[in-house]
Amino acid sequence: MPYQCRAQCGADSGQALAPMAHLSSHTPLRVAIGCDLMTRYLQASRARPALVLVLALAMAAAAAAGKDTAGGASRAVPRGWNGTGRKYVVEQVASNHTLVAAALAQRGWLPCPPRRFGRGCRAAALKWTWSPERFASEPEGRVLNHFHTAAVMTHKDLLAEALLATHGEDAAWELLPRSYIVRAPLPTGEDDDEGSVNGETVDDDGEALLAALTGPDATATTDDPLSGDSCLAGASVPDVAGGGEVRADGGGDGGGAERKVWIVKPAAAARGVGIELFDDGAALVEFVNREFARSHAEAAFVVQEYVGNPLVIRGKKFDIRQFVLVTSLNPLTVFVLDDAYLRFSTEDYTLDNLDDRFIHLTNHQVQKDSASYASSGIPGNQWSLAQLTAHLAAEYPDTPQLSPTALRANMIDLVVKTLDAWGPDGHRERSFELLGFDVLVDETGKLWLLEVNISPGLHLTTDIVRAHHSHAIESLFQVVLDDSQTAFPSPSAHASLSPDERAAAAAVRAAAILPCSSATSSPLPPCEIKVGGWELVRRGEYDAAAATAASGAFAEFQASSASLSISSMS
């Protein structure tokens with residue numbers, strides 16, 4: 001029972017009224033009403049038990065009135081930042097948020113179930129859900145776990161466009177494998193006018209993709225350059241990115257006829273859905289056009305050069321899932337978790353079979369359906385970062401690129417350069433974004449970004465992820481709640497200030513925070529700040545070129561958001 005009620009209602013009421021302790025919070029008026037009713041409750045329970053139910057209902061009504069009054073007409077979130085009695089809402093769909101609820105409960109927060117008729121919980125100071133699309137008009141000051149422009153990073157087509165616009169072709173395709181965005185069917189050479197399909201113009205990337213598929217070194221054996229085995233099979237395709245040719249046999253640069261492999265990904269899908277590999281251009285075009293034909297909504301695909309020389313462990317391909325936390329887009333503020341984990345394929349790596357998803361797609365949602373899942377030799381098909389570090393030290397002691405220091409530095413470089421392409425337009429104070437970067441290590445030690453996932457899965461399916469996710473989520477709330485000064489460098493001061501006063505206060509605060517970057521390629525000083533398990537790796541304004549490019553990506557997002565849904569990733 002709350003201290004205030006013990007004092008006002010009498011010490012003898014504490015034990016009997018313990019079940020009514022939820023009436024304790026927020027306002028003196030509410031405490032006074034609650035205490036008066038609790039006193040009567042005690043008296044009634046001793047004298048006339050029939051009145052107990054009536055008085056209990058009256059107490060509940062007083063509590064509800066207190067909740068509604070606390071919100072006020074403007075639906076402002078109660079002031080203060082952290083502490084016992086704060087309310088939160090978690091919407092759980094296709095993931096596991098028990099760690100989120102546990103971390104908040106440890107801080108004294110209370111779950112706030114949605115109100116009737118879909119009106120939501122007006123008293124909630126924090127809302128956690130799987131997609132920005134779940135946020136409508138949220139009150140100022142409420143902590144939200146998404147920025148509404150997250151798709152700029154988490155839709156594969158928008159990510160490729162943002163990286164290209166921000167960094168230029170050479171640098172972009174050093175982060176992400178060379179990518180082509182296809183938003184319209186591709187011409188097949190059959191009854192199609194040049195550059196169009198059914199009278200519709202093929203977009204620029206579609207034309208570039210066709211040029212890459214049918215490059216000057218491809219050997220055409222019929223009048224149709226995309227027919228049969230004439231495209232790519234046994235032919236060398238020029239590297240349009242300007243770097244070394246991606247060799248499907250696991251080699252590096254070199255001459256000679258090499259097999260080119262492509263991977264096709266739906267732009268907005270998740271969990272490995274719809275991903276296919278091809279080494280035949282005709283089959284690739286047929287697949288893409290078939291997908292467009294059966295799609296009931298506007299579709300988009302990303303066709304990428306497949307990284308054919310991955311580093312393998314015990315014969316298996318793997319990727320690294322790296323958690324990243326963004327707490328501000330303006331100024332950009334990025335944290336990288338000090339831990340990560342590996343996800344393995346269940347079948348030995350080979351390019352002899354491009355149809356076997358259990359060889360090429362490391363996503364857990366794919367691999368858990370493999371007949372070899374329980375017998376692959378790697379429990380749970382996962383490793384911790386510590387296991388990777390020990391393996392690399394034993395197997396590659398003389399390879400600097402595979403040292404723990406180099407891997408960490410290169411991971412931070414990749415994360416910072418990627419997020420520099422997001423742009424400030426989607427900024428909202430008191431929002432943050434937990435992202436899952438999927439990164440491939442090739443046999444030279446180079447890191448390749450595969451994709452960026454929104455709402456990375458928090459399923460506690462193995463000992464590896466149980467330890468990883470627990471550490472990540474507990475540390476996350478240390479950043480966004482316990483140490484909000486670092487997380488949110490330019491929050492609005494108070495609701496009572498005018499917009500001009502809030503803007504001035506934010507500007508002063510932002511100016512007092514020195515820009516920093518832990519990326520080795522950055523001229524800024526390293527951040528050297530760590531909160532829990534999260535290392536601050538980037539803080540500061542975008543440069544003008546990056547901000548302009550990112551604004552273009554944001555405009556693209558706005559144009560496509562009506563037809564492209566944001567999916568929960570795992």
# chains A, B, ... in the order shown; residues from 1 in each chain; ligands from 1
$ residues_around --residues "Ala393 (chain A)" --least-positions-apart "5" --cutoff "12 Å" --atoms "only C-alpha atoms" --output "PDB file with N, CA and C atoms, in the first residue's frame"
ATOM      1  N   ALA A 386      31.665 -14.442 -29.497  1.00  0.00           N
ATOM      2  CA  ALA A 386      32.854 -14.985 -28.835  1.00  0.00           C
ATOM      3  C   ALA A 386      33.330 -16.264 -29.523  1.00  0.00           C
ATOM      4  N   GLN A 387      32.385 -17.100 -29.956  1.00  0.00           N
ATOM      5  CA  GLN A 387      32.758 -18.322 -30.670  1.00  0.00           C
ATOM      6  C   GLN A 387      33.424 -17.990 -31.998  1.00  0.00           C
ATOM      7  N   LEU A 388      32.889 -16.995 -32.701  1.00  0.00           N
ATOM      8  CA  LEU A 388      33.505 -16.581 -33.961  1.00  0.00           C
ATOM      9  C   LEU A 388      34.921 -16.075 -33.725  1.00  0.00           C
ATOM     10  N   ASP A 398      47.104 -15.283 -39.001  1.00  0.00           N
ATOM     11  CA  ASP A 398      47.944 -14.359 -39.761  1.00  0.00           C
ATOM     12  C   ASP A 398      47.144 -13.546 -40.772  1.00  0.00           C
ATOM     13  N   THR A 399      45.823 -13.443 -40.567  1.00  0.00           N
ATOM     14  CA  THR A 399      44.971 -12.671 -41.476  1.00  0.00           C
ATOM     15  C   THR A 399      44.428 -11.463 -40.730  1.00  0.00           C
ATOM     16  N   PRO A 400      45.068 -10.296 -40.872  1.00  0.00           N
ATOM     17  CA  PRO A 400      44.651  -9.109 -40.097  1.00  0.00           C
ATOM     18  C   PRO A 400      43.191  -8.737 -40.299  1.00  0.00           C
ATOM     19  N   GLN A 401      42.668  -8.934 -41.510  1.00  0.00           N
ATOM     20  CA  GLN A 401      41.289  -8.548 -41.795  1.00  0.00           C
ATOM     21  C   GLN A 401      40.278  -9.337 -40.970  1.00  0.00           C
ATOM     22  N   LEU A 402      40.700 -10.501 -40.476  1.00  0.00           N
ATOM     23  CA  LEU A 402      39.785 -11.343 -39.707  1.00  0.00           C
ATOM     24  C   LEU A 402      40.058 -11.281 -38.205  1.00  0.00           C
ATOM     25  N   SER A 403      40.844 -10.331 -37.779  1.00  0.00           N
ATOM     26  CA  SER A 403      41.072 -10.156 -36.351  1.00  0.00           C
ATOM     27  C   SER A 403      39.836  -9.513 -35.714  1.00  0.00           C
ATOM     28  N   PRO A 404      39.604  -9.727 -34.428  1.00  0.00           N
ATOM     29  CA  PRO A 404      38.443  -9.106 -33.766  1.00  0.00           C
ATOM     30  C   PRO A 404      38.440  -7.588 -33.881  1.00  0.00           C
ATOM     31  N   THR A 405      39.611  -6.978 -33.780  1.00  0.00           N
ATOM     32  CA  THR A 405      39.696  -5.513 -33.872  1.00  0.00           C
ATOM     33  C   THR A 405      39.276  -5.032 -35.254  1.00  0.00           C
TER      34      THR A 405
END
$ select_by_dssp --residues "region 392-442 of chain A" --states "alpha helix (DSSP H)" --output "CSV table (one decimal) with N, CA and C atoms, in the first residue's frame"
chain,number,residue,atom,x,y,z
A,392,LEU,N,38.3,-17.7,-35.5
A,392,LEU,CA,39.1,-16.9,-36.4
A,392,LEU,C,40.5,-16.9,-35.9
A,393,ALA,N,40.7,-16.7,-34.5
A,393,ALA,CA,42.0,-16.7,-34.0
A,393,ALA,C,42.8,-18.0,-34.2
A,394,ALA,N,42.0,-19.1,-34.1
A,394,ALA,CA,42.7,-20.4,-34.3
A,394,ALA,C,42.9,-20.7,-35.8
A,395,GLU,N,42.0,-20.3,-36.7
A,395,GLU,CA,42.1,-20.7,-38.1
A,395,GLU,C,42.8,-19.7,-38.9
A,404,PRO,N,39.6,-9.7,-34.4
A,404,PRO,CA,38.4,-9.1,-33.8
A,404,PRO,C,38.4,-7.6,-33.9
A,405,THR,N,39.6,-7.0,-33.8
A,405,THR,CA,39.7,-5.5,-33.9
A,405,THR,C,39.3,-5.0,-35.3
A,406,ALA,N,39.8,-5.7,-36.3
A,406,ALA,CA,39.4,-5.3,-37.7
A,406,ALA,C,37.9,-5.5,-38.0
A,407,LEU,N,37.4,-6.7,-37.5
A,407,LEU,CA,36.0,-6.9,-37.8
A,407,LEU,C,35.1,-5.9,-37.1
A,408,ARG,N,35.4,-5.5,-35.9
A,408,ARG,CA,34.6,-4.5,-35.1
A,408,ARG,C,34.7,-3.2,-35.8
A,409,ALA,N,36.0,-2.8,-36.2
A,409,ALA,CA,36.1,-1.5,-36.9
A,409,ALA,C,35.4,-1.4,-38.2
A,410,ASN,N,35.5,-2.5,-39.0
A,410,ASN,CA,34.8,-2.6,-40.3
A,410,ASN,C,33.3,-2.6,-40.1
A,411,MET,N,32.8,-3.3,-39.1
A,411,MET,CA,31.4,-3.3,-38.9
A,411,MET,C,30.9,-1.9,-38.5
A,412,ILE,N,31.6,-1.2,-37.7
A,412,ILE,CA,31.2,0.2,-37.4
A,412,ILE,C,31.2,1.1,-38.6
A,413,ASP,N,32.3,0.9,-39.4
A,413,ASP,CA,32.4,1.7,-40.7
A,413,ASP,C,31.1,1.5,-41.5
A,414,LEU,N,30.8,0.2,-41.7
A,414,LEU,CA,29.7,-0.2,-42.6
A,414,LEU,C,28.4,0.4,-42.0
A,415,VAL,N,28.2,0.3,-40.7
A,415,VAL,CA,26.9,0.8,-40.1
A,415,VAL,C,26.8,2.3,-40.2
A,416,VAL,N,27.9,3.0,-39.9
A,416,VAL,CA,27.9,4.5,-40.0
A,416,VAL,C,27.6,5.0,-41.4
A,417,LYS,N,28.3,4.4,-42.4
A,417,LYS,CA,28.2,4.9,-43.7
A,417,LYS,C,26.8,4.5,-44.2
A,418,THR,N,26.2,3.4,-43.8
A,418,THR,CA,24.9,3.1,-44.2
A,418,THR,C,23.9,4.1,-43.6
A,419,LEU,N,24.0,4.3,-42.4
A,419,LEU,CA,23.0,5.2,-41.7
A,419,LEU,C,23.2,6.7,-42.1
$ residues_around --residues "Asp157 (chain A)" --least-positions-apart "5" --cutoff "8 Å" --atoms "only C-alpha atoms" --output "short mmCIF file (atom, residue, chain, number, x, y, z; two decimals) with C-alpha atoms, in the first residue's frame"
data_model
loop_
_atom_site.label_atom_id
_atom_site.label_comp_id
_atom_site.auth_asym_id
_atom_site.auth_seq_id
_atom_site.Cartn_x
_atom_site.Cartn_y
_atom_site.Cartn_z
CA ILE A 181 15.93 -1.97 -58.77
CA ALA A 267 12.00 -5.11 -51.93
CA ALA A 300 9.44 -3.93 -56.53
CA PHE A 301 12.45 -6.22 -56.67
CA VAL A 302 16.16 -5.83 -56.09
#
$ closest_residue --among "A:Thr461, A:Val288, A:Tyr306, A:Arg294" --to "Val261 (chain A)" --atoms "only C-alpha atoms"
A:Tyr306
$ atom_distance --atom1 "CA of Tyr349 (chain A)" --atom2 "CA of Ser376 (chain A)"
12.3 Å
$ closest_residue --among "A:Gly423, A:Gly540, A:Pro523, A:Gly168" --to "Ala151 (chain A)" --atoms "only C-alpha atoms"
A:Gly423
$ residues_around --residues "Glu291 (chain A)" --least-positions-apart "3" --cutoff "12 Å" --atoms "only C-alpha atoms" --output "PDB file with N, CA and C atoms, in the first residue's frame"
ATOM      1  N   VAL A 182      14.065  -3.049 -59.816  1.00  0.00           N
ATOM      2  CA  VAL A 182      13.124  -3.338 -60.894  1.00  0.00           C
ATOM      3  C   VAL A 182      11.713  -3.099 -60.369  1.00  0.00           C
ATOM      4  N   ARG A 183      11.042  -2.117 -60.947  1.00  0.00           N
ATOM      5  CA  ARG A 183       9.677  -1.793 -60.528  1.00  0.00           C
ATOM      6  C   ARG A 183       8.671  -1.951 -61.658  1.00  0.00           C
ATOM      7  N   ALA A 184       9.099  -2.576 -62.735  1.00  0.00           N
ATOM      8  CA  ALA A 184       8.208  -2.838 -63.856  1.00  0.00           C
ATOM      9  C   ALA A 184       8.682  -4.105 -64.548  1.00  0.00           C
ATOM     10  N   PRO A 185       7.798  -4.799 -65.251  1.00  0.00           N
ATOM     11  CA  PRO A 185       8.222  -6.015 -65.964  1.00  0.00           C
ATOM     12  C   PRO A 185       9.361  -5.728 -66.937  1.00  0.00           C
ATOM     13  N   LEU A 186      10.162  -6.742 -67.189  1.00  0.00           N
ATOM     14  CA  LEU A 186      11.313  -6.616 -68.075  1.00  0.00           C
ATOM     15  C   LEU A 186      10.966  -7.135 -69.463  1.00  0.00           C
ATOM     16  N   VAL A 264      17.689 -12.506 -56.439  1.00  0.00           N
ATOM     17  CA  VAL A 264      16.521 -11.637 -56.618  1.00  0.00           C
ATOM     18  C   VAL A 264      15.755 -11.594 -55.297  1.00  0.00           C
ATOM     19  N   LYS A 265      15.491 -10.375 -54.803  1.00  0.00           N
ATOM     20  CA  LYS A 265      14.820 -10.199 -53.511  1.00  0.00           C
ATOM     21  C   LYS A 265      13.623  -9.264 -53.670  1.00  0.00           C
ATOM     22  N   PRO A 266      12.446  -9.641 -53.181  1.00  0.00           N
ATOM     23  CA  PRO A 266      11.353  -8.666 -53.090  1.00  0.00           C
ATOM     24  C   PRO A 266      11.788  -7.502 -52.206  1.00  0.00           C
ATOM     25  N   GLY A 274      10.349 -15.205 -50.944  1.00  0.00           N
ATOM     26  CA  GLY A 274      10.431 -14.754 -52.325  1.00  0.00           C
ATOM     27  C   GLY A 274      11.824 -14.593 -52.882  1.00  0.00           C
ATOM     28  N   ILE A 275      12.862 -15.005 -52.157  1.00  0.00           N
ATOM     29  CA  ILE A 275      14.238 -14.842 -52.642  1.00  0.00           C
ATOM     30  C   ILE A 275      14.619 -16.026 -53.519  1.00  0.00           C
ATOM     31  N   GLU A 276      15.211 -15.747 -54.668  1.00  0.00           N
ATOM     32  CA  GLU A 276      15.634 -16.789 -55.607  1.00  0.00           C
ATOM     33  C   GLU A 276      17.004 -16.452 -56.169  1.00  0.00           C
ATOM     34  N   LEU A 284      15.759 -15.653 -64.953  1.00  0.00           N
ATOM     35  CA  LEU A 284      15.592 -14.523 -64.029  1.00  0.00           C
ATOM     36  C   LEU A 284      14.490 -13.595 -64.514  1.00  0.00           C
ATOM     37  N   VAL A 285      14.532 -13.220 -65.793  1.00  0.00           N
ATOM     38  CA  VAL A 285      13.519 -12.316 -66.339  1.00  0.00           C
ATOM     39  C   VAL A 285      12.140 -12.954 -66.264  1.00  0.00           C
ATOM     40  N   GLU A 286      12.055 -14.244 -66.579  1.00  0.00           N
ATOM     41  CA  GLU A 286      10.769 -14.936 -66.512  1.00  0.00           C
ATOM     42  C   GLU A 286      10.207 -14.925 -65.091  1.00  0.00           C
ATOM     43  N   PHE A 287      11.076 -15.154 -64.113  1.00  0.00           N
ATOM     44  CA  PHE A 287      10.633 -15.152 -62.713  1.00  0.00           C
ATOM     45  C   PHE A 287      10.118 -13.781 -62.304  1.00  0.00           C
ATOM     46  N   VAL A 288      10.886 -12.738 -62.596  1.00  0.00           N
ATOM     47  CA  VAL A 288      10.475 -11.381 -62.204  1.00  0.00           C
ATOM     48  C   VAL A 288       9.152 -11.019 -62.860  1.00  0.00           C
ATOM     49  N   ARG A 294       1.436 -11.768 -61.079  1.00  0.00           N
ATOM     50  CA  ARG A 294       0.552 -12.302 -60.049  1.00  0.00           C
ATOM     51  C   ARG A 294       0.408 -11.384 -58.839  1.00  0.00           C
ATOM     52  N   SER A 295       1.158 -10.273 -58.827  1.00  0.00           N
ATOM     53  CA  SER A 295       1.089  -9.366 -57.689  1.00  0.00           C
ATOM     54  C   SER A 295      -0.191  -8.553 -57.746  1.00  0.00           C
ATOM     55  N   HIS A 296      -0.867  -8.448 -56.607  1.00  0.00           N
ATOM     56  CA  HIS A 296      -2.093  -7.656 -56.521  1.00  0.00           C
ATOM     57  C   HIS A 296      -1.808  -6.216 -56.129  1.00  0.00           C
ATOM     58  N   ALA A 297      -0.562  -5.897 -55.799  1.00  0.00           N
ATOM     59  CA  ALA A 297      -0.172  -4.533 -55.456  1.00  0.00           C
ATOM     60  C   ALA A 297       1.078  -4.180 -56.243  1.00  0.00           C
ATOM     61  N   GLU A 298       1.408  -2.922 -56.237  1.00  0.00           N
ATOM     62  CA  GLU A 298       2.628  -2.506 -56.912  1.00  0.00           C
ATOM     63  C   GLU A 298       3.808  -3.229 -56.283  1.00  0.00           C
ATOM     64  N   ALA A 299       4.639  -3.858 -57.113  1.00  0.00           N
ATOM     65  CA  ALA A 299       5.740  -4.662 -56.612  1.00  0.00           C
ATOM     66  C   ALA A 299       7.061  -3.982 -56.946  1.00  0.00           C
ATOM     67  N   ALA A 300       8.083  -4.394 -56.236  1.00  0.00           N
ATOM     68  CA  ALA A 300       9.435  -3.931 -56.526  1.00  0.00           C
ATOM     69  C   ALA A 300      10.389  -5.051 -56.143  1.00  0.00           C
ATOM     70  N   PHE A 301      11.448  -5.193 -56.920  1.00  0.00           N
ATOM     71  CA  PHE A 301      12.452  -6.221 -56.666  1.00  0.00           C
ATOM     72  C   PHE A 301      13.837  -5.592 -56.725  1.00  0.00           C
TER      73      PHE A 301
END
$ residues_around --residues "Gln478 (chain A)" --least-positions-apart "4" --cutoff "8 Å" --atoms "only C-alpha atoms" --output "PyMOL selection string"
chain A and resi 474+482-483+531-532
$ write_last_selection --atoms "N, CA and C atoms" --output "mmCIF file, in the first residue's frame"
data_model
loop_
_atom_site.group_PDB
_atom_site.id
_atom_site.type_symbol
_atom_site.label_atom_id
_atom_site.label_comp_id
_atom_site.auth_asym_id
_atom_site.auth_seq_id
_atom_site.Cartn_x
_atom_site.Cartn_y
_atom_site.Cartn_z
ATOM 1 N N GLU A 474 18.015 -5.010 -22.302
ATOM 2 C CA GLU A 474 18.298 -4.342 -21.033
ATOM 3 C C GLU A 474 19.184 -3.120 -21.274
ATOM 4 N N ASP A 482 17.296 5.381 -19.059
ATOM 5 C CA ASP A 482 18.153 5.721 -17.928
ATOM 6 C C ASP A 482 19.158 6.813 -18.266
ATOM 7 N N ASP A 483 19.604 6.861 -19.544
ATOM 8 C CA ASP A 483 20.615 7.840 -19.943
ATOM 9 C C ASP A 483 20.120 8.616 -21.156
ATOM 10 N N VAL A 531 27.156 3.072 -23.146
ATOM 11 C CA VAL A 531 26.072 2.973 -22.170
ATOM 12 C C VAL A 531 25.614 1.526 -22.161
ATOM 13 N N GLY A 532 25.816 0.836 -21.039
ATOM 14 C CA GLY A 532 25.503 -0.587 -21.020
ATOM 15 C C GLY A 532 26.330 -1.292 -22.080
#
$ atom_distance --atom1 "CA of Asp348 (chain A)" --atom2 "CA of Thr389 (chain A)"
21.3 Å
